[in-house]
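Peer 1: Handing over data_17.cif, mmCIF, N, CA and C atoms.
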```
data_data
#
loop_
_atom_site.label_atom_id
_atom_site.label_comp_id
_atom_site.auth_asym_id
_atom_site.auth_seq_id
_atom_site.Cartn_x
_atom_site.Cartn_y
_atom_site.Cartn_z
N MET Y 1 14.87 14.21 -4.83
CA MET Y 1 14.35 14.20 -3.49
C MET Y 1 15.50 14.27 -2.49
N GLU Y 2 15.23 14.94 -1.43
CA GLU Y 2 16.20 14.99 -0.34
C GLU Y 2 16.10 13.70 0.47
N PRO Y 3 17.23 13.14 0.86
CA PRO Y 3 17.17 11.94 1.69
C PRO Y 3 16.60 12.27 3.07
N HIS Y 4 16.00 11.29 3.68
CA HIS Y 4 15.53 11.42 5.06
C HIS Y 4 16.74 11.19 5.96
N ILE Y 5 16.87 12.00 6.99
CA ILE Y 5 18.00 11.89 7.92
C ILE Y 5 17.49 11.38 9.26
N HIS Y 6 18.14 10.34 9.77
CA HIS Y 6 17.78 9.78 11.07
C HIS Y 6 19.03 9.65 11.92
N THR Y 7 18.95 10.13 13.15
CA THR Y 7 20.04 9.95 14.10
C THR Y 7 19.70 8.77 14.99
N VAL Y 8 20.61 7.81 15.06
CA VAL Y 8 20.38 6.61 15.86
C VAL Y 8 20.24 6.99 17.33
N GLN Y 9 19.15 6.57 17.93
CA GLN Y 9 18.88 6.84 19.33
C GLN Y 9 19.43 5.70 20.19
N TYR Y 10 19.73 6.00 21.43
CA TYR Y 10 20.29 4.99 22.32
C TYR Y 10 19.34 3.80 22.46
N TYR Y 11 18.05 4.05 22.60
CA TYR Y 11 17.09 2.95 22.78
C TYR Y 11 17.00 2.04 21.56
N GLU Y 12 17.53 2.48 20.43
CA GLU Y 12 17.49 1.66 19.22
C GLU Y 12 18.63 0.65 19.16
N THR Y 13 19.52 0.72 20.13
CA THR Y 13 20.65 -0.22 20.15
C THR Y 13 20.35 -1.37 21.10
N ASP Y 14 21.11 -2.43 20.95
CA ASP Y 14 20.90 -3.61 21.81
C ASP Y 14 22.14 -3.84 22.67
N LYS Y 15 22.18 -4.96 23.35
CA LYS Y 15 23.30 -5.24 24.27
C LYS Y 15 24.65 -5.29 23.56
N MET Y 16 24.64 -5.53 22.26
CA MET Y 16 25.91 -5.57 21.52
C MET Y 16 26.38 -4.17 21.15
N GLY Y 17 25.55 -3.15 21.43
CA GLY Y 17 25.94 -1.78 21.14
C GLY Y 17 25.69 -1.35 19.71
N ILE Y 18 24.98 -2.18 18.96
CA ILE Y 18 24.65 -1.83 17.57
C ILE Y 18 23.13 -1.67 17.45
N THR Y 19 22.71 -1.03 16.38
CA THR Y 19 21.30 -0.80 16.15
C THR Y 19 20.60 -2.14 15.92
N HIS Y 20 19.50 -2.34 16.65
CA HIS Y 20 18.71 -3.56 16.47
C HIS Y 20 18.06 -3.53 15.08
N HIS Y 21 18.02 -4.68 14.42
CA HIS Y 21 17.55 -4.74 13.03
C HIS Y 21 16.13 -4.23 12.84
N SER Y 22 15.28 -4.34 13.83
CA SER Y 22 13.89 -3.90 13.67
C SER Y 22 13.77 -2.39 13.42
N ASN Y 23 14.76 -1.65 13.86
CA ASN Y 23 14.72 -0.20 13.69
C ASN Y 23 14.87 0.22 12.24
N TYR Y 24 15.60 -0.53 11.45
CA TYR Y 24 15.78 -0.17 10.05
C TYR Y 24 14.44 -0.18 9.32
N ILE Y 25 13.56 -1.08 9.72
CA ILE Y 25 12.23 -1.14 9.10
C ILE Y 25 11.44 0.12 9.45
N ARG Y 26 11.52 0.55 10.69
CA ARG Y 26 10.84 1.80 11.08
C ARG Y 26 11.42 2.98 10.31
N TRP Y 27 12.73 2.97 10.11
CA TRP Y 27 13.35 4.07 9.38
C TRP Y 27 12.87 4.10 7.93
N MET Y 28 12.62 2.92 7.35
CA MET Y 28 12.08 2.89 5.99
C MET Y 28 10.72 3.59 5.96
N GLU Y 29 9.91 3.35 6.97
CA GLU Y 29 8.60 4.00 7.03
C GLU Y 29 8.76 5.51 7.19
N GLU Y 30 9.70 5.95 8.02
CA GLU Y 30 9.98 7.38 8.15
C GLU Y 30 10.36 7.97 6.79
N ALA Y 31 11.21 7.27 6.07
CA ALA Y 31 11.68 7.75 4.77
C ALA Y 31 10.53 7.77 3.75
N ARG Y 32 9.64 6.79 3.81
CA ARG Y 32 8.49 6.76 2.90
C ARG Y 32 7.59 7.97 3.16
N VAL Y 33 7.32 8.25 4.42
CA VAL Y 33 6.48 9.40 4.77
C VAL Y 33 7.14 10.70 4.28
N SER Y 34 8.44 10.82 4.50
CA SER Y 34 9.18 12.00 4.05
C SER Y 34 9.14 12.12 2.53
N PHE Y 35 9.36 11.01 1.84
CA PHE Y 35 9.34 10.99 0.38
C PHE Y 35 7.98 11.46 -0.15
N LEU Y 36 6.91 10.87 0.37
CA LEU Y 36 5.57 11.23 -0.10
C LEU Y 36 5.26 12.70 0.16
N THR Y 37 5.71 13.21 1.28
CA THR Y 37 5.51 14.63 1.58
C THR Y 37 6.26 15.49 0.57
N GLN Y 38 7.49 15.10 0.25
CA GLN Y 38 8.30 15.88 -0.69
C GLN Y 38 7.71 15.92 -2.09
N ILE Y 39 7.02 14.86 -2.49
CA ILE Y 39 6.42 14.86 -3.83
C ILE Y 39 5.02 15.46 -3.83
N GLY Y 40 4.60 15.97 -2.68
CA GLY Y 40 3.30 16.63 -2.61
C GLY Y 40 2.13 15.72 -2.31
N TRP Y 41 2.41 14.48 -1.89
CA TRP Y 41 1.36 13.51 -1.59
C TRP Y 41 1.55 12.94 -0.19
N GLY Y 42 1.67 13.84 0.79
CA GLY Y 42 1.83 13.41 2.17
C GLY Y 42 0.60 12.67 2.67
N PHE Y 43 0.77 11.99 3.78
CA PHE Y 43 -0.34 11.19 4.33
C PHE Y 43 -1.54 12.05 4.69
N ASP Y 44 -1.31 13.30 5.10
CA ASP Y 44 -2.45 14.16 5.42
C ASP Y 44 -3.32 14.38 4.18
N LYS Y 45 -2.69 14.63 3.04
CA LYS Y 45 -3.43 14.82 1.79
C LYS Y 45 -4.13 13.54 1.37
N MET Y 46 -3.41 12.41 1.43
CA MET Y 46 -4.03 11.15 1.01
C MET Y 46 -5.21 10.79 1.91
N GLU Y 47 -5.07 11.00 3.21
CA GLU Y 47 -6.17 10.68 4.12
C GLU Y 47 -7.37 11.57 3.87
N GLU Y 48 -7.14 12.86 3.58
CA GLU Y 48 -8.24 13.76 3.24
C GLU Y 48 -9.00 13.27 2.01
N MET Y 49 -8.26 12.67 1.08
CA MET Y 49 -8.86 12.15 -0.14
C MET Y 49 -9.45 10.76 0.04
N GLY Y 50 -9.27 10.19 1.23
CA GLY Y 50 -9.79 8.86 1.48
C GLY Y 50 -8.91 7.74 0.96
N LEU Y 51 -7.64 8.03 0.76
CA LEU Y 51 -6.70 7.05 0.20
C LEU Y 51 -5.78 6.53 1.30
N ALA Y 52 -5.70 5.22 1.41
CA ALA Y 52 -4.80 4.56 2.36
C ALA Y 52 -3.79 3.74 1.58
N SER Y 53 -2.60 3.57 2.15
CA SER Y 53 -1.52 2.84 1.47
C SER Y 53 -0.80 1.95 2.47
N PRO Y 54 -1.40 0.81 2.83
CA PRO Y 54 -0.75 -0.07 3.81
C PRO Y 54 0.47 -0.79 3.24
N VAL Y 55 1.32 -1.23 4.16
CA VAL Y 55 2.50 -2.00 3.81
C VAL Y 55 2.08 -3.45 3.57
N LEU Y 56 2.53 -4.03 2.46
CA LEU Y 56 2.27 -5.44 2.16
C LEU Y 56 3.47 -6.31 2.50
N THR Y 57 4.66 -5.85 2.11
CA THR Y 57 5.87 -6.62 2.38
C THR Y 57 7.01 -5.68 2.75
N VAL Y 58 7.98 -6.23 3.47
CA VAL Y 58 9.20 -5.51 3.84
C VAL Y 58 10.36 -6.48 3.69
N SER Y 59 11.43 -6.01 3.08
CA SER Y 59 12.66 -6.81 3.05
C SER Y 59 13.84 -5.87 3.26
N SER Y 60 14.90 -6.41 3.82
CA SER Y 60 16.08 -5.60 4.05
C SER Y 60 17.33 -6.46 3.96
N HIS Y 61 18.41 -5.81 3.61
CA HIS Y 61 19.71 -6.46 3.51
C HIS Y 61 20.69 -5.61 4.32
N PHE Y 62 21.13 -6.16 5.43
CA PHE Y 62 22.02 -5.43 6.34
C PHE Y 62 23.47 -5.63 5.90
N LEU Y 63 24.16 -4.52 5.70
CA LEU Y 63 25.52 -4.57 5.19
C LEU Y 63 26.56 -4.20 6.24
N HIS Y 64 26.24 -3.19 7.05
CA HIS Y 64 27.16 -2.73 8.10
C HIS Y 64 26.34 -2.24 9.28
N SER Y 65 26.89 -2.35 10.46
CA SER Y 65 26.19 -1.92 11.67
C SER Y 65 26.21 -0.40 11.82
N THR Y 66 25.21 0.10 12.52
CA THR Y 66 25.23 1.48 12.97
C THR Y 66 25.17 1.46 14.50
N THR Y 67 25.60 2.55 15.09
CA THR Y 67 25.65 2.63 16.55
C THR Y 67 25.02 3.94 17.02
N PHE Y 68 24.86 4.04 18.33
CA PHE Y 68 24.27 5.22 18.93
C PHE Y 68 24.92 6.50 18.40
N ALA Y 69 24.05 7.45 18.04
CA ALA Y 69 24.42 8.79 17.57
C ALA Y 69 24.91 8.84 16.13
N ASP Y 70 25.01 7.69 15.43
CA ASP Y 70 25.31 7.74 14.00
C ASP Y 70 24.16 8.46 13.29
N THR Y 71 24.50 9.17 12.25
CA THR Y 71 23.48 9.79 11.41
C THR Y 71 23.35 8.97 10.15
N VAL Y 72 22.11 8.57 9.85
CA VAL Y 72 21.84 7.72 8.70
C VAL Y 72 21.03 8.51 7.68
N SER Y 73 21.52 8.54 6.46
CA SER Y 73 20.85 9.19 5.35
C SER Y 73 20.08 8.11 4.58
N ILE Y 74 18.78 8.31 4.39
CA ILE Y 74 17.96 7.28 3.77
C ILE Y 74 17.32 7.82 2.50
N GLU Y 75 17.73 7.26 1.37
CA GLU Y 75 17.15 7.61 0.08
C GLU Y 75 16.00 6.65 -0.19
N ALA Y 76 14.82 7.19 -0.43
CA ALA Y 76 13.67 6.39 -0.84
C ALA Y 76 13.40 6.71 -2.31
N TYR Y 77 13.09 5.69 -3.08
CA TYR Y 77 12.83 5.89 -4.50
C TYR Y 77 11.83 4.84 -4.99
N ILE Y 78 11.15 5.15 -6.06
CA ILE Y 78 10.16 4.23 -6.62
C ILE Y 78 10.87 3.20 -7.49
N LYS Y 79 10.68 1.94 -7.14
CA LYS Y 79 11.24 0.85 -7.95
C LYS Y 79 10.24 0.43 -9.02
N GLU Y 80 8.97 0.39 -8.64
CA GLU Y 80 7.92 -0.05 -9.57
C GLU Y 80 6.59 0.49 -9.08
N CYS Y 81 5.75 0.88 -10.03
CA CYS Y 81 4.40 1.32 -9.69
C CYS Y 81 3.47 0.80 -10.77
N SER Y 82 2.75 -0.26 -10.43
CA SER Y 82 1.85 -0.87 -11.40
C SER Y 82 0.48 -0.22 -11.39
N GLY Y 83 0.22 0.61 -10.42
CA GLY Y 83 -1.10 1.18 -10.26
C GLY Y 83 -1.89 0.47 -9.19
N LEU Y 84 -1.65 -0.83 -9.07
CA LEU Y 84 -2.26 -1.60 -7.98
C LEU Y 84 -1.28 -1.76 -6.83
N LYS Y 85 -0.01 -1.93 -7.16
CA LYS Y 85 1.03 -2.08 -6.15
C LYS Y 85 2.14 -1.08 -6.40
N LEU Y 86 2.74 -0.67 -5.30
CA LEU Y 86 3.86 0.25 -5.33
C LEU Y 86 5.03 -0.40 -4.62
N PHE Y 87 6.19 -0.36 -5.23
CA PHE Y 87 7.41 -0.91 -4.64
C PHE Y 87 8.39 0.25 -4.44
N ILE Y 88 8.81 0.44 -3.19
CA ILE Y 88 9.74 1.51 -2.86
C ILE Y 88 11.06 0.90 -2.41
N GLY Y 89 12.14 1.40 -2.96
CA GLY Y 89 13.48 0.97 -2.57
C GLY Y 89 14.09 1.97 -1.60
N TYR Y 90 15.00 1.49 -0.79
CA TYR Y 90 15.65 2.33 0.22
C TYR Y 90 17.14 2.04 0.22
N ILE Y 91 17.93 3.09 0.28
CA ILE Y 91 19.37 2.97 0.44
C ILE Y 91 19.74 3.78 1.67
N MET Y 92 20.26 3.10 2.70
CA MET Y 92 20.62 3.76 3.94
C MET Y 92 22.14 3.83 4.04
N LYS Y 93 22.62 5.05 4.25
CA LYS Y 93 24.07 5.26 4.32
C LYS Y 93 24.43 5.97 5.61
N ASN Y 94 25.61 5.64 6.12
CA ASN Y 94 26.18 6.41 7.21
C ASN Y 94 26.49 7.78 6.62
N ALA Y 95 25.83 8.80 7.14
CA ALA Y 95 25.98 10.14 6.56
C ALA Y 95 27.39 10.68 6.68
N LYS Y 96 28.14 10.24 7.68
CA LYS Y 96 29.51 10.73 7.89
C LYS Y 96 30.48 10.07 6.92
N THR Y 97 30.36 8.75 6.75
CA THR Y 97 31.33 8.01 5.93
C THR Y 97 30.86 7.75 4.51
N GLY Y 98 29.54 7.82 4.28
CA GLY Y 98 28.99 7.50 2.97
C GLY Y 98 28.82 6.00 2.73
N GLN Y 99 29.20 5.19 3.70
CA GLN Y 99 29.11 3.73 3.57
C GLN Y 99 27.64 3.28 3.62
N THR Y 100 27.25 2.46 2.66
CA THR Y 100 25.91 1.91 2.67
C THR Y 100 25.80 0.89 3.80
N VAL Y 101 24.82 1.10 4.68
CA VAL Y 101 24.66 0.22 5.84
C VAL Y 101 23.51 -0.76 5.67
N CYS Y 102 22.53 -0.41 4.84
CA CYS Y 102 21.37 -1.28 4.64
C CYS Y 102 20.65 -0.87 3.37
N THR Y 103 20.14 -1.86 2.67
CA THR Y 103 19.22 -1.58 1.56
C THR Y 103 17.92 -2.32 1.86
N GLY Y 104 16.84 -1.82 1.31
CA GLY Y 104 15.56 -2.46 1.60
C GLY Y 104 14.52 -2.15 0.55
N GLU Y 105 13.38 -2.79 0.73
CA GLU Y 105 12.25 -2.59 -0.17
C GLU Y 105 10.96 -2.80 0.61
N THR Y 106 9.97 -1.99 0.31
CA THR Y 106 8.62 -2.22 0.82
C THR Y 106 7.67 -2.25 -0.36
N SER Y 107 6.58 -2.97 -0.19
CA SER Y 107 5.52 -2.93 -1.20
C SER Y 107 4.24 -2.48 -0.52
N HIS Y 108 3.40 -1.83 -1.30
CA HIS Y 108 2.18 -1.22 -0.78
C HIS Y 108 1.07 -1.37 -1.81
N CYS Y 109 -0.15 -1.32 -1.32
CA CYS Y 109 -1.30 -1.23 -2.19
C CYS Y 109 -2.05 0.03 -1.80
N PHE Y 110 -3.16 0.32 -2.46
CA PHE Y 110 -3.94 1.51 -2.18
C PHE Y 110 -5.40 1.13 -2.03
N PHE Y 111 -6.04 1.67 -1.00
CA PHE Y 111 -7.46 1.43 -0.72
C PHE Y 111 -8.19 2.75 -0.62
N ASN Y 112 -9.49 2.72 -0.95
CA ASN Y 112 -10.33 3.89 -0.73
C ASN Y 112 -10.97 3.82 0.65
N ARG Y 113 -11.85 4.78 0.95
CA ARG Y 113 -12.49 4.84 2.28
C ARG Y 113 -13.29 3.57 2.59
N GLU Y 114 -13.80 2.94 1.58
CA GLU Y 114 -14.60 1.73 1.77
C GLU Y 114 -13.74 0.48 1.92
N GLY Y 115 -12.42 0.66 1.84
CA GLY Y 115 -11.52 -0.48 1.97
C GLY Y 115 -11.37 -1.28 0.69
N ARG Y 116 -11.74 -0.68 -0.42
CA ARG Y 116 -11.63 -1.36 -1.72
C ARG Y 116 -10.36 -0.90 -2.43
N PRO Y 117 -9.73 -1.83 -3.12
CA PRO Y 117 -8.51 -1.45 -3.86
C PRO Y 117 -8.82 -0.42 -4.93
N VAL Y 118 -7.87 0.47 -5.17
CA VAL Y 118 -7.99 1.47 -6.24
C VAL Y 118 -6.85 1.28 -7.23
N ARG Y 119 -7.12 1.68 -8.46
CA ARG Y 119 -6.10 1.71 -9.51
C ARG Y 119 -5.64 3.15 -9.63
N LEU Y 120 -4.37 3.37 -9.36
CA LEU Y 120 -3.88 4.74 -9.38
C LEU Y 120 -4.05 5.41 -10.73
N GLN Y 121 -3.78 4.69 -11.83
CA GLN Y 121 -3.88 5.32 -13.15
C GLN Y 121 -5.29 5.86 -13.39
N LYS Y 122 -6.29 5.15 -12.92
CA LYS Y 122 -7.68 5.53 -13.16
C LYS Y 122 -8.21 6.48 -12.09
N ASP Y 123 -7.98 6.14 -10.83
CA ASP Y 123 -8.59 6.88 -9.73
C ASP Y 123 -7.76 8.06 -9.23
N TYR Y 124 -6.45 7.97 -9.33
CA TYR Y 124 -5.55 9.04 -8.87
C TYR Y 124 -4.43 9.22 -9.88
N PRO Y 125 -4.77 9.64 -11.11
CA PRO Y 125 -3.74 9.71 -12.16
C PRO Y 125 -2.61 10.69 -11.84
N GLU Y 126 -2.89 11.75 -11.08
CA GLU Y 126 -1.82 12.71 -10.74
C GLU Y 126 -0.78 12.05 -9.84
N LEU Y 127 -1.25 11.25 -8.88
CA LEU Y 127 -0.31 10.54 -8.01
C LEU Y 127 0.47 9.51 -8.81
N PHE Y 128 -0.20 8.76 -9.66
CA PHE Y 128 0.49 7.76 -10.47
C PHE Y 128 1.58 8.42 -11.31
N GLU Y 129 1.27 9.56 -11.91
CA GLU Y 129 2.23 10.26 -12.77
C GLU Y 129 3.47 10.68 -11.99
N VAL Y 130 3.28 11.22 -10.78
CA VAL Y 130 4.41 11.66 -9.95
C VAL Y 130 5.27 10.46 -9.55
N LEU Y 131 4.63 9.36 -9.15
CA LEU Y 131 5.38 8.16 -8.74
C LEU Y 131 6.15 7.58 -9.92
N ASP Y 132 5.50 7.49 -11.07
CA ASP Y 132 6.16 6.93 -12.25
C ASP Y 132 7.31 7.81 -12.71
N LYS Y 133 7.15 9.12 -12.58
CA LYS Y 133 8.23 10.05 -12.95
C LYS Y 133 9.46 9.80 -12.07
N ASP Y 134 9.25 9.59 -10.77
CA ASP Y 134 10.38 9.32 -9.89
C ASP Y 134 11.05 8.00 -10.27
N ARG Y 135 10.26 6.99 -10.61
CA ARG Y 135 10.82 5.70 -11.03
C ARG Y 135 11.72 5.89 -12.25
N ILE Y 136 11.23 6.63 -13.23
CA ILE Y 136 11.99 6.85 -14.45
C ILE Y 136 13.28 7.62 -14.16
N GLN Y 137 13.18 8.67 -13.34
CA GLN Y 137 14.36 9.46 -13.00
C GLN Y 137 15.40 8.61 -12.28
N HIS Y 138 14.96 7.76 -11.37
CA HIS Y 138 15.91 6.91 -10.64
C HIS Y 138 16.56 5.90 -11.57
N GLU Y 139 15.80 5.31 -12.47
CA GLU Y 139 16.37 4.36 -13.44
C GLU Y 139 17.41 5.02 -14.32
N GLU Y 140 17.11 6.24 -14.78
CA GLU Y 140 18.04 6.95 -15.63
C GLU Y 140 19.32 7.32 -14.87
N ALA Y 141 19.17 7.75 -13.63
CA ALA Y 141 20.34 8.10 -12.81
C ALA Y 141 21.20 6.86 -12.55
N ALA Y 142 20.57 5.71 -12.37
CA ALA Y 142 21.31 4.47 -12.08
C ALA Y 142 22.13 4.02 -13.29
N LYS Y 143 21.69 4.37 -14.49
CA LYS Y 143 22.41 3.99 -15.71
C LYS Y 143 23.70 4.78 -15.88
N LYS Y 144 23.78 5.95 -15.26
CA LYS Y 144 24.95 6.82 -15.44
C LYS Y 144 26.13 6.36 -14.63
#
```
Just give me the structure as structure tokens.
Peer 2:
Amino acid sequence: MEPHIHTVQYYETDKMGITHHSNYIRWMEEARVSFLTQIGWGFDKMEEMGLASPVLTVSSHFLHSTTFADTVSIEAYIKECSGLKLFIGYIMKNAKTGQTVCTGETSHCFFNREGRPVRLQKDYPELFEVLDKDRIQHEEAAKK
């Protein structure tokens, strides 16, 4: 997958001249949307199918600051997909220096149009297969 690229906007910085921490969470959502689109399961497709995927949890670990006009490369990858819950990991790097600035994780569940939970393996096996394939590929790459 291609990383999502975000350029830090001036309004995303605070009085200290660094990016406010709340923006990294928004960037994770941008990267998730980009990731799902790249694997062929963009939000437009999921919504047409009546599938929703709300955020359950968000965590982040800030390592280095970013500032106005920095370009941040955000890799999103599947950490775990149980079929009921999905865990996505994020690695954010300063695109110019390659320095990791933040890592994070979000968790999600899946609902149908009626607001009932769905099991991906049973109800959307093609999506489950694509997500699990990415998880396996990322695990194998991490071992190298």
Peer 1: Taking the file as shown, what set of residues would the PyMOL selection byres (((chain Y and resi 3-13 and name CA) around 6) and name CA) give back, as a PyMOL selection string?
Peer 2: chain Y and resi 2+14+17-20+31+68-75
Peer 1: Using only N, CA and C atoms, what table do you get, as a Markdown table, when you list each residue of segment 48-106 of chain Y with an atom no more than 6.5 Å from segment 117-124 of chain Y, its nearest pair of atoms, and their distance in Å rounded to one decimal, rows by chain then rising number?
Peer 2:
```
| residue | atom | partner | partner_atom | distance |
| --- | --- | --- | --- | --- |
| Y:Ser82 | C | Y:Leu120 | N | 6.4 |
| Y:Gly83 | C | Y:Leu120 | N | 3.8 |
| Y:Leu84 | N | Y:Leu120 | N | 5.0 |
```
Peer 1: Just give me the gap between atom C of Leu56 of chain Y and atom C of Glu105 of chain Y in Å, one decimal is fine.
Peer 2: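 That distance, rounded to one decimal, is 8.5 Å.
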Peer 1: Step by step, work through what the PyMOL selection byres ((chain Y and resi 65) around 7) selects in the shown file, and finish by giving those residues as a list of chain:residue names.
Peer 2: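 The output of the PyMOL selection byres ((chain Y and resi 65) around 7) on this file is Y:Ile18, Y:Thr19, Y:Phe62, Y:Leu63, Y:His64, Y:Thr66, Y:Thr67, Y:Val101.
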Peer 1: Please list as a list in words every residue within 8 Å of Leu51 of chain Y, counting only N, CA and C atoms and excluding residues in the same chain fewer than 4 positions away.
Peer 2: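 These residues fall inside the cut-off: Phe43, Lys45, Met46, Glu47, Phe110, Phe111, Asn112 and Arg113 of chain Y.
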Peer 1: Report, in Å with one decimal, the straight-line distance from atom CA of Ser53 of chain Y to atom CA of Cys109 of chain Y.
Peer 2: 5.5 Å
Peer 1: Just list the residues in chain Y DSSP gives helix (DSSP H, G or I) on the backbone, as a ChimeraX atom specification.
Peer 2: /Y:10-12,22-38,43-48,120-123,125-143
Peer 1: Rank nothing, just name the residue among Y:Glu129, Y:Asp44, Y:Glu139, Y:Glu80 nearest to Thr106 of chain Y, using only C-alpha atoms.
Peer 2: Y:Glu80
Peer 1: What does the distance between atom N of Leu127 of chain Y and atom N of Ser60 of chain Y come to in Å, to one decimal place?
Peer 2: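 According to the coordinates, atom N of Leu127 of chain Y and atom N of Ser60 of chain Y are separated by 27.1 Å.
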Peer 1: Between Y:His61, Y:Lys143, Y:Met1, Y:Met16, which is the closest to Ala76 of chain Y once you count only N, CA and C atoms?
Peer 2: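 The shortest atom-to-atom distance to Ala76 of chain Y comes from Y:Met1.
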Peer 1: Between Y:Pro54, Y:Ile78, Y:Thr37, Y:Ile25, which one has atoms that come closest to Leu131 of chain Y, using all atoms listed in the file?
Peer 2: Y:Ile78
Peer 1: Given all atoms listed in the file as the basis, pick out the residue of Y:Val55, Y:Tyr77, Y:Ile136, Y:Glu29 nearest to Gly89 of chain Y.
Peer 2: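 Closest candidate: Y:Tyr77.
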Peer 1: Quick one: DSSP strand (DSSP E or B) residues in chain Y, as an NGL selection string?
Peer 2: :Y and (4-7 or 13 or 19 or 52 or 55-62 or 71-81 or 85-94 or 100-109 or 111 or 117)
Peer 1: Counting only N, CA and C atoms, which of Y:Lys79, Y:Trp27, Y:Glu114, Y:His108 gets nearest to Asp134 of chain Y?
Peer 2: Y:Lys79
Peer 1: Please enclose the listed atoms of segment 91-108 of chain Y in an axis-aligned box, pad each side by 6 Å, and write out the centre and the three edge lengths in Å, rounded to one decimal, as JSON.
Peer 2:
```
{"center_x": 16.2, "center_y": 3.9, "center_z": 3.0, "size_x": 42.3, "size_y": 25.7, "size_z": 21.7}
```
Peer 1: Which one is closest to Gly104 of chain Y: Y:Ser59, Y:Ala141, Y:Val33, Y:Trp41? Count all atoms listed in the file.
Peer 2: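 That would be Y:Ser59, the residue with the smallest distance to Gly104 of chain Y.
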Peer 1: Output segment 103-108 of chain Y with all heavy atoms present, as a PDB file, in the frame of the given file.
Peer 2:
```pdb
ATOM      1  N   THR Y 103      20.140  -1.860   2.670  1.00  0.00           N
ATOM      2  CA  THR Y 103      19.220  -1.580   1.560  1.00  0.00           C
ATOM      3  C   THR Y 103      17.920  -2.320   1.860  1.00  0.00           C
ATOM      4  O   THR Y 103      17.919  -3.302   2.598  1.00  0.00           O
ATOM      5  CB  THR Y 103      19.793  -2.066   0.203  1.00  0.00           C
ATOM      6  OG1 THR Y 103      20.047  -3.470   0.275  1.00  0.00           O
ATOM      7  CG2 THR Y 103      21.079  -1.320  -0.154  1.00  0.00           C
ATOM      8  N   GLY Y 104      16.840  -1.820   1.310  1.00  0.00           N
ATOM      9  CA  GLY Y 104      15.560  -2.460   1.600  1.00  0.00           C
ATOM     10  C   GLY Y 104      14.520  -2.150   0.550  1.00  0.00           C
ATOM     11  O   GLY Y 104      14.753  -1.367  -0.379  1.00  0.00           O
ATOM     12  N   GLU Y 105      13.380  -2.790   0.730  1.00  0.00           N
ATOM     13  CA  GLU Y 105      12.250  -2.590  -0.170  1.00  0.00           C
ATOM     14  C   GLU Y 105      10.960  -2.800   0.610  1.00  0.00           C
ATOM     15  O   GLU Y 105      10.904  -3.683   1.479  1.00  0.00           O
ATOM     16  CB  GLU Y 105      12.306  -3.570  -1.337  1.00  0.00           C
ATOM     17  CG  GLU Y 105      11.151  -3.431  -2.302  1.00  0.00           C
ATOM     18  CD  GLU Y 105      11.223  -4.418  -3.451  1.00  0.00           C
ATOM     19  OE1 GLU Y 105      12.154  -4.310  -4.273  1.00  0.00           O
ATOM     20  OE2 GLU Y 105      10.345  -5.308  -3.508  1.00  0.00           O
ATOM     21  N   THR Y 106       9.970  -1.990   0.310  1.00  0.00           N
ATOM     22  CA  THR Y 106       8.620  -2.220   0.820  1.00  0.00           C
ATOM     23  C   THR Y 106       7.670  -2.250  -0.360  1.00  0.00           C
ATOM     24  O   THR Y 106       7.937  -1.649  -1.401  1.00  0.00           O
ATOM     25  CB  THR Y 106       8.179  -1.109   1.802  1.00  0.00           C
ATOM     26  OG1 THR Y 106       8.263   0.163   1.153  1.00  0.00           O
ATOM     27  CG2 THR Y 106       9.021  -1.109   3.071  1.00  0.00           C
ATOM     28  N   SER Y 107       6.580  -2.970  -0.190  1.00  0.00           N
ATOM     29  CA  SER Y 107       5.520  -2.930  -1.200  1.00  0.00           C
ATOM     30  C   SER Y 107       4.240  -2.480  -0.520  1.00  0.00           C
ATOM     31  O   SER Y 107       4.033  -2.714   0.680  1.00  0.00           O
ATOM     32  CB  SER Y 107       5.348  -4.278  -1.900  1.00  0.00           C
ATOM     33  OG  SER Y 107       4.807  -5.244  -1.027  1.00  0.00           O
ATOM     34  N   HIS Y 108       3.400  -1.830  -1.300  1.00  0.00           N
ATOM     35  CA  HIS Y 108       2.180  -1.220  -0.780  1.00  0.00           C
ATOM     36  C   HIS Y 108       1.070  -1.370  -1.810  1.00  0.00           C
ATOM     37  O   HIS Y 108       1.319  -1.503  -3.001  1.00  0.00           O
ATOM     38  CB  HIS Y 108       2.400   0.281  -0.540  1.00  0.00           C
ATOM     39  CG  HIS Y 108       3.621   0.569   0.261  1.00  0.00           C
ATOM     40  ND1 HIS Y 108       3.597   0.693   1.618  1.00  0.00           N
ATOM     41  CD2 HIS Y 108       4.923   0.701  -0.108  1.00  0.00           C
ATOM     42  CE1 HIS Y 108       4.825   0.912   2.049  1.00  0.00           C
ATOM     43  NE2 HIS Y 108       5.656   0.911   1.026  1.00  0.00           N
TER      44      HIS Y 108
END
```
